file input.cif (mmCIF, C-alpha atoms)
data_start
loop_
_atom_site.group_PDB
_atom_site.id
_atom_site.type_symbol
_atom_site.label_atom_id
_atom_site.label_comp_id
_atom_site.auth_asym_id
_atom_site.auth_seq_id
_atom_site.Cartn_x
_atom_site.Cartn_y
_atom_site.Cartn_z
ATOM 1 C CA VAL Q 1053 114.826 21.442 -29.820
ATOM 2 C CA LEU Q 1054 113.778 19.019 -27.085
ATOM 3 C CA ASP Q 1055 112.060 21.812 -25.151
ATOM 4 C CA PHE Q 1056 110.251 22.953 -28.270
ATOM 5 C CA LEU Q 1057 109.151 19.398 -29.125
ATOM 6 C CA THR Q 1058 107.777 19.107 -25.599
ATOM 7 C CA LEU Q 1059 105.808 22.303 -26.177
ATOM 8 C CA LEU Q 1060 104.406 20.930 -29.434
ATOM 9 C CA ILE Q 1061 103.232 17.708 -27.841
ATOM 10 C CA PHE Q 1062 101.653 19.692 -25.019
ATOM 11 C CA CYS Q 1063 99.882 21.905 -27.552
ATOM 12 C CA TYR Q 1064 98.580 18.842 -29.371
ATOM 13 C CA PHE Q 1065 97.266 17.317 -26.147
ATOM 14 C CA LEU Q 1066 95.657 20.607 -25.161
ATOM 15 C CA HIS Q 1067 93.955 20.898 -28.548
ATOM 16 C CA CYS Q 1068 92.615 17.352 -28.336
ATOM 17 C CA THR Q 1069 91.426 17.922 -24.785
ATOM 18 C CA ARG Q 1070 89.388 20.919 -25.911
ATOM 19 C CA ARG Q 1071 87.888 19.057 -28.896
ATOM 20 C CA ALA Q 1072 87.406 15.492 -27.584
ATOM 21 C CA GLN Q 1073 86.154 13.971 -24.332
ATOM 22 C CA PRO Q 1074 87.852 15.787 -21.479
ATOM 23 C CA LYS Q 1075 88.998 12.580 -19.774
ATOM 24 C CA LYS Q 1076 90.206 10.776 -22.871
ATOM 25 C CA MET Q 1077 93.945 10.780 -23.489
ATOM 26 C CA ILE Q 1078 94.721 10.892 -27.201
ATOM 27 C CA MET Q 1079 98.236 9.845 -28.138
ATOM 28 C CA PRO Q 1080 99.719 11.592 -31.175
ATOM 29 C CA SER Q 1081 101.411 9.497 -33.829
ATOM 30 C CA PRO Q 1082 105.168 9.916 -34.282
ATOM 31 C CA PHE Q 1083 104.545 11.060 -37.867
ATOM 32 C CA LEU Q 1084 102.297 13.853 -36.689
ATOM 33 C CA CYS Q 1085 104.826 14.982 -34.078
ATOM 34 C CA VAL Q 1086 107.610 15.154 -36.668
ATOM 35 C CA HIS Q 1087 105.346 16.874 -39.215
ATOM 36 C CA VAL Q 1088 104.228 19.500 -36.730
ATOM 37 C CA LEU Q 1089 107.790 20.032 -35.486
ATOM 38 C CA LEU Q 1090 109.046 20.725 -39.003
ATOM 39 C CA THR Q 1091 106.124 23.044 -39.590
ATOM 40 C CA PHE Q 1092 106.883 25.032 -36.463
ATOM 41 C CA ILE Q 1093 110.578 25.278 -37.309
ATOM 42 C CA SER Q 1094 109.677 26.608 -40.750
ATOM 43 C CA MET Q 1095 107.268 29.069 -39.191
ATOM 44 C CA VAL Q 1096 109.841 30.358 -36.747
ATOM 45 C CA SER Q 1097 112.497 30.770 -39.439
ATOM 46 C CA SER Q 1098 110.202 33.000 -41.502
ATOM 47 C CA PHE Q 1099 108.091 34.535 -38.786
ATOM 48 C CA SER Q 1100 109.058 38.183 -38.626
ATOM 49 C CA SER Q 1101 109.970 40.671 -41.312
ATOM 50 C CA LEU Q 1102 111.769 42.690 -38.627
ATOM 51 C CA SER Q 1103 114.249 39.835 -38.012
ATOM 52 C CA PRO Q 1104 114.439 40.109 -34.212
ATOM 53 C CA PRO Q 1105 116.872 37.958 -32.248
ATOM 54 C CA PRO Q 1106 116.101 34.215 -32.496
ATOM 55 C CA HIS Q 1107 114.948 33.906 -28.884
ATOM 56 C CA GLN Q 1108 112.376 36.654 -29.450
ATOM 57 C CA LYS Q 1109 111.087 34.918 -32.585
ATOM 58 C CA TRP Q 1110 110.674 31.631 -30.708
ATOM 59 C CA ALA Q 1111 108.915 33.321 -27.816
ATOM 60 C CA SER Q 1112 106.604 35.311 -30.084
ATOM 61 C CA SER Q 1113 105.667 32.280 -32.185
ATOM 62 C CA ALA Q 1114 105.035 30.109 -29.125
ATOM 63 C CA ALA Q 1115 102.898 32.856 -27.571
ATOM 64 C CA HIS Q 1116 100.843 33.106 -30.760
ATOM 65 C CA ILE Q 1117 100.158 29.366 -30.821
ATOM 66 C CA MET Q 1118 99.314 29.184 -27.130
ATOM 67 C CA ASP Q 1119 96.964 32.146 -27.412
ATOM 68 C CA HIS Q 1120 94.982 30.425 -30.156
ATOM 69 C CA LEU Q 1121 94.982 27.118 -28.295
ATOM 70 C CA LEU Q 1122 93.593 28.725 -25.168
ATOM 71 C CA ASN Q 1123 91.136 30.829 -27.164
ATOM 72 C CA PRO Q 1124 89.974 28.615 -30.057
ATOM 73 C CA PRO Q 1125 87.356 29.751 -32.592
ATOM 74 C CA LEU Q 1126 83.822 29.832 -31.206
ATOM 75 C CA HIS Q 1127 82.575 27.600 -34.001
ATOM 76 C CA ALA Q 1128 83.949 24.361 -35.386
ATOM 77 C CA ALA Q 1129 85.159 24.476 -38.968
ATOM 78 C CA VAL Q 1130 82.287 24.422 -41.441
ATOM 79 C CA PRO Q 1131 82.717 23.207 -45.044
ATOM 80 C CA LEU Q 1132 83.399 26.122 -47.355
ATOM 81 C CA GLU Q 1133 80.509 25.198 -49.628
ATOM 82 C CA ASP Q 1134 78.194 25.812 -46.673
ATOM 83 C CA LEU Q 1135 79.664 29.271 -46.026
ATOM 84 C CA ALA Q 1136 80.448 30.744 -49.431
ATOM 85 C CA ASN Q 1137 77.589 32.287 -51.395
ATOM 86 C CA VAL Q 1138 79.580 33.550 -54.390
ATOM 87 C CA ARG Q 1139 82.313 32.179 -56.628
ATOM 88 C CA ILE Q 1140 84.728 34.754 -57.998
ATOM 89 C CA PRO Q 1141 86.832 34.129 -61.124
ATOM 90 C CA GLY Q 1142 90.443 33.713 -60.109
ATOM 91 C CA PRO Q 1143 93.562 35.449 -61.420
ATOM 92 C CA PRO Q 1144 93.927 35.751 -65.200
ATOM 93 C CA GLY Q 1145 95.184 32.587 -66.841
ATOM 94 C CA SER Q 1146 94.074 30.339 -63.985
ATOM 95 C CA SER Q 1147 91.128 27.978 -63.777
ATOM 96 C CA LEU Q 1148 90.652 28.889 -60.132
ATOM 97 C CA ASP Q 1149 87.381 30.095 -58.661
ATOM 98 C CA ILE Q 1150 87.671 31.924 -55.341
ATOM 99 C CA ALA Q 1151 85.019 30.990 -52.798
ATOM 100 C CA ALA Q 1152 83.733 33.982 -50.841
ATOM 101 C CA TYR Q 1153 80.970 35.128 -48.564
ATOM 102 C CA LYS Q 1154 79.305 38.339 -49.736
ATOM 103 C CA ALA Q 1155 77.170 40.373 -47.322
ATOM 104 C CA ALA Q 1156 74.908 43.227 -48.373
ATOM 105 C CA PRO Q 1157 73.254 45.692 -45.957
ATOM 106 C CA SER Q 1158 69.747 44.603 -45.006
ATOM 107 C CA SER Q 1159 68.396 48.144 -45.425
ATOM 108 C CA GLY Q 1160 70.156 48.952 -48.674
ATOM 109 C CA GLY Q 1161 73.233 51.105 -48.948
ATOM 110 C CA GLU Q 1162 74.698 54.114 -50.613
ATOM 111 C CA GLY Q 1163 77.862 55.010 -52.434
ATOM 112 C CA GLY Q 1164 78.856 51.542 -53.612
ATOM 113 C CA HIS Q 1165 81.536 51.227 -50.927
ATOM 114 C CA THR Q 1166 83.058 47.828 -50.182
ATOM 115 C CA ILE Q 1167 85.115 46.085 -47.521
ATOM 116 C CA ILE Q 1168 87.280 43.103 -48.393
ATOM 117 C CA LEU Q 1169 87.461 41.123 -45.156
ATOM 118 C CA LEU Q 1170 90.393 38.737 -44.689
ATOM 119 C CA HIS Q 1171 90.180 35.822 -42.296
ATOM 120 C CA GLU Q 1172 92.706 34.694 -39.718
ATOM 121 C CA PHE Q 1173 94.758 31.501 -40.019
ATOM 122 C CA PHE Q 1174 91.760 29.232 -39.400
ATOM 123 C CA GLY Q 1175 90.401 30.220 -42.810
ATOM 124 C CA LEU Q 1176 86.927 31.372 -43.758
ATOM 125 C CA ASN Q 1177 84.629 30.380 -40.911
ATOM 126 C CA PRO Q 1178 81.275 31.282 -39.295
ATOM 127 C CA SER Q 1179 82.881 34.005 -37.156
ATOM 128 C CA ILE Q 1180 84.102 35.862 -40.243
ATOM 129 C CA VAL Q 1181 80.700 35.448 -41.912
ATOM 130 C CA GLU Q 1182 78.981 36.871 -38.824
ATOM 131 C CA LYS Q 1183 81.334 39.861 -38.734
ATOM 132 C CA ALA Q 1184 80.797 40.463 -42.448
ATOM 133 C CA LYS Q 1185 77.037 40.609 -41.902
ATOM 134 C CA GLY Q 1186 77.393 42.960 -38.927
ATOM 135 C CA LEU Q 1187 79.720 45.350 -40.738
ATOM 136 C CA ALA Q 1188 77.510 45.417 -43.837
ATOM 137 C CA ASP Q 1189 74.440 46.347 -41.792
ATOM 138 C CA ASP Q 1190 76.178 48.892 -39.583
ATOM 139 C CA LEU Q 1191 78.041 50.650 -42.388
ATOM 140 C CA GLY Q 1192 75.578 50.259 -45.261
ATOM 141 C CA CYS Q 1193 78.205 48.762 -47.566
ATOM 142 C CA GLU Q 1194 79.015 45.445 -49.172
ATOM 143 C CA VAL Q 1195 81.460 43.151 -47.434
ATOM 144 C CA VAL Q 1196 83.233 40.387 -49.336
ATOM 145 C CA ALA Q 1197 85.171 37.784 -47.343
ATOM 146 C CA PRO Q 1198 87.252 35.665 -49.748
ATOM 147 C CA ASP Q 1199 88.868 32.340 -49.004
ATOM 148 C CA ILE Q 1200 92.571 33.133 -49.348
ATOM 149 C CA PHE Q 1201 93.503 29.520 -48.534
ATOM 150 C CA ARG Q 1202 92.012 28.351 -51.856
ATOM 151 C CA GLY Q 1203 89.583 25.743 -50.657
ATOM 152 C CA GLN Q 1204 90.586 24.900 -47.093
ATOM 153 C CA ASN Q 1205 89.731 25.897 -43.551
ATOM 154 C CA THR Q 1206 90.247 24.257 -40.184
ATOM 155 C CA ASP Q 1207 89.977 24.526 -36.427
ATOM 156 C CA PHE Q 1208 93.073 22.325 -35.891
ATOM 157 C CA ILE Q 1209 96.071 24.460 -34.921
ATOM 158 C CA PRO Q 1210 98.846 22.513 -36.715
ATOM 159 C CA LYS Q 1211 96.873 22.571 -39.975
ATOM 160 C CA ALA Q 1212 96.160 26.288 -39.519
ATOM 161 C CA ILE Q 1213 99.892 26.910 -39.191
ATOM 162 C CA TRP Q 1214 100.565 24.881 -42.315
ATOM 163 C CA LEU Q 1215 97.924 26.803 -44.281
ATOM 164 C CA ALA Q 1216 99.436 30.110 -43.180
ATOM 165 C CA LEU Q 1217 102.954 29.004 -44.117
ATOM 166 C CA THR Q 1218 101.905 27.821 -47.567
ATOM 167 C CA THR Q 1219 99.961 30.985 -48.451
ATOM 168 C CA PRO Q 1220 102.542 33.519 -49.684
ATOM 169 C CA GLN Q 1221 101.751 37.211 -49.948
ATOM 170 C CA ASP Q 1222 102.142 37.344 -53.730
ATOM 171 C CA ARG Q 1223 99.510 34.638 -54.180
ATOM 172 C CA VAL Q 1224 97.144 36.490 -51.859
ATOM 173 C CA ASP Q 1225 97.787 39.691 -53.828
ATOM 174 C CA GLU Q 1226 96.838 37.961 -57.088
ATOM 175 C CA ASP Q 1227 93.634 36.587 -55.578
ATOM 176 C CA LEU Q 1228 92.672 39.952 -54.109
ATOM 177 C CA ASP Q 1229 93.291 41.643 -57.461
ATOM 178 C CA ALA Q 1230 90.796 39.158 -58.913
ATOM 179 C CA VAL Q 1231 88.315 40.023 -56.145
ATOM 180 C CA CYS Q 1232 88.716 43.735 -56.914
ATOM 181 C CA ALA Q 1233 88.158 43.090 -60.636
ATOM 182 C CA TYR Q 1234 84.978 41.188 -59.749
ATOM 183 C CA LEU Q 1235 83.775 44.075 -57.584
ATOM 184 C CA GLU Q 1236 84.424 46.610 -60.326
ATOM 185 C CA ASP Q 1237 82.556 44.486 -62.868
ATOM 186 C CA SER Q 1238 79.670 44.001 -60.436
ATOM 187 C CA ALA Q 1239 79.373 47.740 -59.770
ATOM 188 C CA GLY Q 1240 78.360 48.411 -63.364
ATOM 189 C CA ASP Q 1241 76.464 51.673 -63.732
ATOM 190 C CA LYS Q 1242 76.306 52.213 -59.978
ATOM 191 C CA GLY Q 1243 79.721 53.785 -60.114
ATOM 192 C CA LYS Q 1244 82.843 52.988 -58.189
ATOM 193 C CA GLY Q 1245 82.779 53.506 -54.454
ATOM 194 C CA LYS Q 1246 85.657 53.432 -52.013
ATOM 195 C CA LEU Q 1247 87.465 50.288 -50.950
ATOM 196 C CA ALA Q 1248 88.687 49.183 -47.532
ATOM 197 C CA VAL Q 1249 90.761 46.077 -46.879
ATOM 198 C CA MET Q 1250 90.405 44.687 -43.375
ATOM 199 C CA GLY Q 1251 91.880 41.605 -41.758
ATOM 200 C CA PHE Q 1252 92.249 39.656 -38.542
ATOM 201 C CA CYS Q 1253 95.543 38.183 -37.334
ATOM 202 C CA LEU Q 1254 97.074 36.592 -40.467
ATOM 203 C CA GLY Q 1255 94.572 38.536 -42.579
ATOM 204 C CA GLY Q 1256 95.555 41.834 -40.965
ATOM 205 C CA GLY Q 1257 99.184 41.401 -41.948
ATOM 206 C CA LYS Q 1258 98.157 40.378 -45.472
ATOM 207 C CA ALA Q 1259 95.829 43.397 -45.699
ATOM 208 C CA ILE Q 1260 98.414 46.112 -45.108
ATOM 209 C CA ARG Q 1261 100.949 44.416 -47.353
ATOM 210 C CA TYR Q 1262 98.336 44.231 -50.112
ATOM 211 C CA THR Q 1263 97.249 47.845 -49.857
ATOM 212 C CA THR Q 1264 100.806 49.186 -49.818
ATOM 213 C CA GLU Q 1265 101.720 47.299 -52.983
ATOM 214 C CA ARG Q 1266 98.470 47.017 -54.965
ATOM 215 C CA ARG Q 1267 95.705 49.308 -53.602
ATOM 216 C CA PRO Q 1268 97.331 52.332 -51.948
ATOM 217 C CA GLU Q 1269 94.138 54.392 -52.244
ATOM 218 C CA ALA Q 1270 92.196 51.918 -50.080
ATOM 219 C CA ALA Q 1271 91.731 52.215 -46.320
ATOM 220 C CA THR Q 1272 93.376 49.489 -44.247
ATOM 221 C CA VAL Q 1273 92.083 48.006 -40.985
ATOM 222 C CA ILE Q 1274 94.316 45.648 -38.985
ATOM 223 C CA PHE Q 1275 92.909 43.672 -36.077
ATOM 224 C CA TYR Q 1276 95.970 42.299 -34.217
ATOM 225 C CA GLY Q 1277 97.820 41.510 -37.460
ATOM 226 C CA SER Q 1278 101.514 41.810 -38.211
ATOM 227 C CA PRO Q 1279 102.277 45.540 -38.561
ATOM 228 C CA LEU Q 1280 104.406 46.953 -41.345
ATOM 229 C CA THR Q 1281 107.128 49.269 -40.066
ATOM 230 C CA ASP Q 1282 109.038 50.000 -43.280
ATOM 231 C CA VAL Q 1283 108.611 53.743 -43.775
ATOM 232 C CA ASN Q 1284 109.326 53.608 -47.495
ATOM 233 C CA GLY Q 1285 106.675 50.953 -47.951
ATOM 234 C CA LEU Q 1286 104.138 52.886 -45.902
ATOM 235 C CA ARG Q 1287 104.799 56.045 -47.928
ATOM 236 C CA LYS Q 1288 103.043 54.359 -50.846
ATOM 237 C CA LEU Q 1289 99.743 54.536 -48.981
ATOM 238 C CA LYS Q 1290 97.249 57.254 -49.856
ATOM 239 C CA GLY Q 1291 94.437 55.802 -47.759
ATOM 240 C CA PRO Q 1292 94.294 55.838 -43.933
ATOM 241 C CA VAL Q 1293 95.212 52.997 -41.574
ATOM 242 C CA CYS Q 1294 93.344 51.739 -38.504
ATOM 243 C CA GLY Q 1295 95.163 49.420 -36.111
ATOM 244 C CA ILE Q 1296 93.628 47.545 -33.173
ATOM 245 C CA PHE Q 1297 95.781 45.573 -30.731
ATOM 246 C CA GLY Q 1298 95.799 44.283 -27.152
ATOM 247 C CA ASN Q 1299 98.513 45.191 -24.662
ATOM 248 C CA LYS Q 1300 98.787 41.561 -23.520
ATOM 249 C CA ASP Q 1301 99.434 40.236 -27.021
ATOM 250 C CA ALA Q 1302 102.895 38.690 -26.634
ATOM 251 C CA GLN Q 1303 103.194 38.386 -30.399
ATOM 252 C CA PHE Q 1304 103.316 42.168 -30.825
ATOM 253 C CA PRO Q 1305 105.212 43.812 -27.959
ATOM 254 C CA ALA Q 1306 104.757 47.463 -27.061
ATOM 255 C CA ALA Q 1307 108.034 48.479 -28.736
ATOM 256 C CA LEU Q 1308 106.913 47.022 -32.068
ATOM 257 C CA LEU Q 1309 103.527 48.715 -31.925
ATOM 258 C CA GLN Q 1310 105.144 52.029 -31.024
ATOM 259 C CA GLN Q 1311 107.475 51.578 -33.989
ATOM 260 C CA PHE Q 1312 104.409 50.986 -36.174
ATOM 261 C CA LYS Q 1313 102.849 54.238 -34.985
ATOM 262 C CA THR Q 1314 106.099 56.146 -35.478
ATOM 263 C CA SER Q 1315 106.594 54.727 -38.973
ATOM 264 C CA LEU Q 1316 103.059 55.695 -40.020
ATOM 265 C CA ASN Q 1317 103.669 59.238 -38.786
ATOM 266 C CA GLU Q 1318 107.027 59.475 -40.561
ATOM 267 C CA ALA Q 1319 105.410 58.207 -43.756
ATOM 268 C CA GLY Q 1320 102.685 60.857 -43.511
ATOM 269 C CA VAL Q 1321 99.883 58.279 -43.354
ATOM 270 C CA GLU Q 1322 96.664 59.251 -41.589
ATOM 271 C CA SER Q 1323 96.194 56.642 -38.893
ATOM 272 C CA ASP Q 1324 94.286 55.601 -35.797
ATOM 273 C CA VAL Q 1325 96.197 52.916 -33.893
ATOM 274 C CA GLN Q 1326 94.889 51.913 -30.475
ATOM 275 C CA ILE Q 1327 96.248 49.417 -27.952
ATOM 276 C CA TYR Q 1328 93.576 48.150 -25.569
ATOM 277 C CA ASP Q 1329 94.351 47.282 -21.955
ATOM 278 C CA GLY Q 1330 93.774 43.891 -20.433
ATOM 279 C CA VAL Q 1331 93.405 41.819 -23.602
ATOM 280 C CA GLY Q 1332 95.716 39.755 -25.741
ATOM 281 C CA HIS Q 1333 95.583 38.382 -29.240
ATOM 282 C CA ALA Q 1334 92.289 37.719 -31.077
ATOM 283 C CA PHE Q 1335 90.182 39.351 -28.374
ATOM 284 C CA TRP Q 1336 87.193 40.123 -30.615
ATOM 285 C CA THR Q 1337 85.673 36.712 -31.214
ATOM 286 C CA GLY Q 1338 82.199 37.602 -32.466
ATOM 287 C CA MET Q 1339 79.388 40.107 -32.871
ATOM 288 C CA GLU Q 1340 77.681 38.809 -29.744
ATOM 289 C CA GLN Q 1341 80.352 40.540 -27.655
ATOM 290 C CA VAL Q 1342 79.382 43.852 -29.228
ATOM 291 C CA ARG Q 1343 75.668 43.208 -28.746
ATOM 292 C CA ARG Q 1344 76.334 42.528 -25.051
ATOM 293 C CA GLY Q 1345 78.465 45.664 -24.750
ATOM 294 C CA GLU Q 1346 81.591 43.781 -23.623
ATOM 295 C CA GLN Q 1347 84.709 45.886 -23.230
ATOM 296 C CA PRO Q 1348 87.083 46.585 -24.818
ATOM 297 C CA GLN Q 1349 85.552 44.671 -27.733
ATOM 298 C CA THR Q 1350 82.754 47.219 -28.141
ATOM 299 C CA ASP Q 1351 85.173 50.144 -28.080
ATOM 300 C CA ALA Q 1352 87.387 48.415 -30.638
ATOM 301 C CA TYR Q 1353 84.405 47.756 -32.893
ATOM 302 C CA GLU Q 1354 83.292 51.375 -32.595
ATOM 303 C CA GLN Q 1355 86.831 52.533 -33.392
ATOM 304 C CA CYS Q 1356 86.786 50.393 -36.531
ATOM 305 C CA THR Q 1357 83.312 51.404 -37.726
ATOM 306 C CA SER Q 1358 83.834 55.109 -36.970
ATOM 307 C CA PHE Q 1359 87.086 55.012 -38.924
ATOM 308 C CA LEU Q 1360 85.419 53.332 -41.906
ATOM 309 C CA ARG Q 1361 82.347 55.558 -41.759
ATOM 310 C CA LYS Q 1362 84.585 58.617 -41.921
ATOM 311 C CA PHE Q 1363 86.567 57.175 -44.822
ATOM 312 C CA PHE Q 1364 83.517 56.090 -46.803
ATOM 313 C CA PHE Q 1365 81.151 58.980 -46.251
ATOM 314 C CA GLU Q 1366 83.077 62.126 -45.364
ATOM 315 C CA LYS Q 1367 84.435 64.191 -48.228
ATOM 316 C CA GLN Q 1368 88.193 64.102 -48.302
#
call {"tool": "encode", "arguments": {"input": "input.cif", "output": "structure tokens"}}
result
Amino acid sequence: VLDFLTLLIFCYFLHCTRRAQPKKMIMPSPFLCVHVLLTFISMVSSFSSLSPPPHQKWASSAAHIMDHLLNPPLHAAVPLEDLANVRIPGPPGSSLDIAAYKAAPSSGGEGGHTIILLHEFFGLNPSIVEKAKGLADDLGCEVVAPDIFRGQNTDFIPKAIWLALTTPQDRVDEDLDAVCAYLEDSAGDKGKGKLAVMGFCLGGGKAIRYTTERRPEAATVIFYGSPLTDVNGLRKLKGPVCGIFGNKDAQFPAALLQQFKTSLNEAGVESDVQIYDGVGHAFWTGMEQVRRGEQPQTDAYEQCTSFLRKFFFEKQ
């Protein structure tokens, strides 16, 4: 526990160093240290559905946090009201409105196809908005990026962890059902196109767990999100799966990713899972990397868009 508390304090200092004046030492309050410690312990206790040995769970969780600390979002958190351009009625019986960013292709589109794009544990932010715009233009489809944290986003790691821990899958499923109902109502006479659910990090894990349980006909795209290895669960899928990971991502070791591939094959799910060399977690930070032709970000983006283009536009 003492070692882990030391890691937490170090992470807090490192975060503050990246956000404040480089030479200013910012002392954390005891309350914050205790709060963050309890949050991390809760995270570790519920981290993996595969239930690996405790030391592996600790190492994986610590690696995840350090990766995000060393590679923070390119943009500071922006108020949701400045990002969202639509409000979607929430689940039946609730008074909730779901904030979302909706991108349409600049040159029109065809087929009425849609991507639901799920953010990572920072919440809806400018990076997700930028990716939504890029995907809409490149694929000629609508992209809707909902706020699955119900009104919050952040660039502060401890808060991001708390938001992830307090956002259960069943609540996300209910919100995404409401988003799908909104999309179907909006389609009107245009007809119903195909649906893909795509997510980054936290959103990637939520995406495949949503499609297996609620939208098995949809395509699923996971960018370095928690893979699902339960063969019986994967057998529910009728749509294909695209997975994109880095071989230096300590959160998802090679054995786990190989198990993911094997489970998809055993379940009879069409899939395209690639593990890119030389990169770790969250390696695609923004569309500018693709415009500059950076590798392997450009290859990963082309894998994703080729997969979705085939799903949307080729006859099955």
call {"tool": "atom_distance", "arguments": {"input": "input.cif", "atom1": "atom CA of Asp1282 of chain Q", "atom2": "atom CA of Asp1301 of chain Q"}}
result
21.3 Å
call {"tool": "resolve_selection", "arguments": {"input": "input.cif", "expression": "the PyMOL selection byres ((chain Q and resi 1200) around 12)", "output": "count of residues only"}}
result
49
call {"tool": "resolve_selection", "arguments": {"input": "input.cif", "expression": "the PyMOL selection byres ((chain Q and resi 1341-1355) around 12)", "output": "ChimeraX atom specification"}}
result
/Q:1126,1179,1182-1183,1186-1187,1190-1191,1273-1276,1293-1299,1323-1340,1356-1362
call {"tool": "atom_distance", "arguments": {"input": "input.cif", "atom1": "atom CA of Glu1133 of chain Q", "atom2": "atom CA of Cys1253 of chain Q"}}
result
23.4 Å
call {"tool": "resolve_selection", "arguments": {"input": "input.cif", "expression": "the PyMOL selection byres ((chain Q and resi 1195) around 6)", "output": "PDB file with C-alpha atoms, in the coordinates of the input"}}
result
ATOM      1  CA  LYS Q1154      79.305  38.339 -49.736  1.00  0.00           C
ATOM      2  CA  ALA Q1155      77.170  40.373 -47.322  1.00  0.00           C
ATOM      3  CA  THR Q1166      83.058  47.828 -50.182  1.00  0.00           C
ATOM      4  CA  ILE Q1167      85.115  46.085 -47.521  1.00  0.00           C
ATOM      5  CA  ILE Q1168      87.280  43.103 -48.393  1.00  0.00           C
ATOM      6  CA  ALA Q1184      80.797  40.463 -42.448  1.00  0.00           C
ATOM      7  CA  ALA Q1188      77.510  45.417 -43.837  1.00  0.00           C
ATOM      8  CA  GLU Q1194      79.015  45.445 -49.172  1.00  0.00           C
ATOM      9  CA  VAL Q1196      83.233  40.387 -49.336  1.00  0.00           C
TER      10      VAL Q1196
END
call {"tool": "closest_residue", "arguments": {"input": "input.cif", "among": "Q:Ser1159, Q:Gln1310, Q:Thr1281, Q:Thr1206", "to": "Ala1129 of chain Q", "atoms": "all atoms listed in the file"}}
result
Q:Thr1206
call {"tool": "residues_around", "arguments": {"input": "input.cif", "residues": "Gly1320 of chain Q", "least_positions_apart": "4", "cutoff": "9 Å", "atoms": "all atoms listed in the file", "output": "list in words"}}
result
Leu1286, Arg1287, Leu1289, Ser1315 and Leu1316 of chain Q
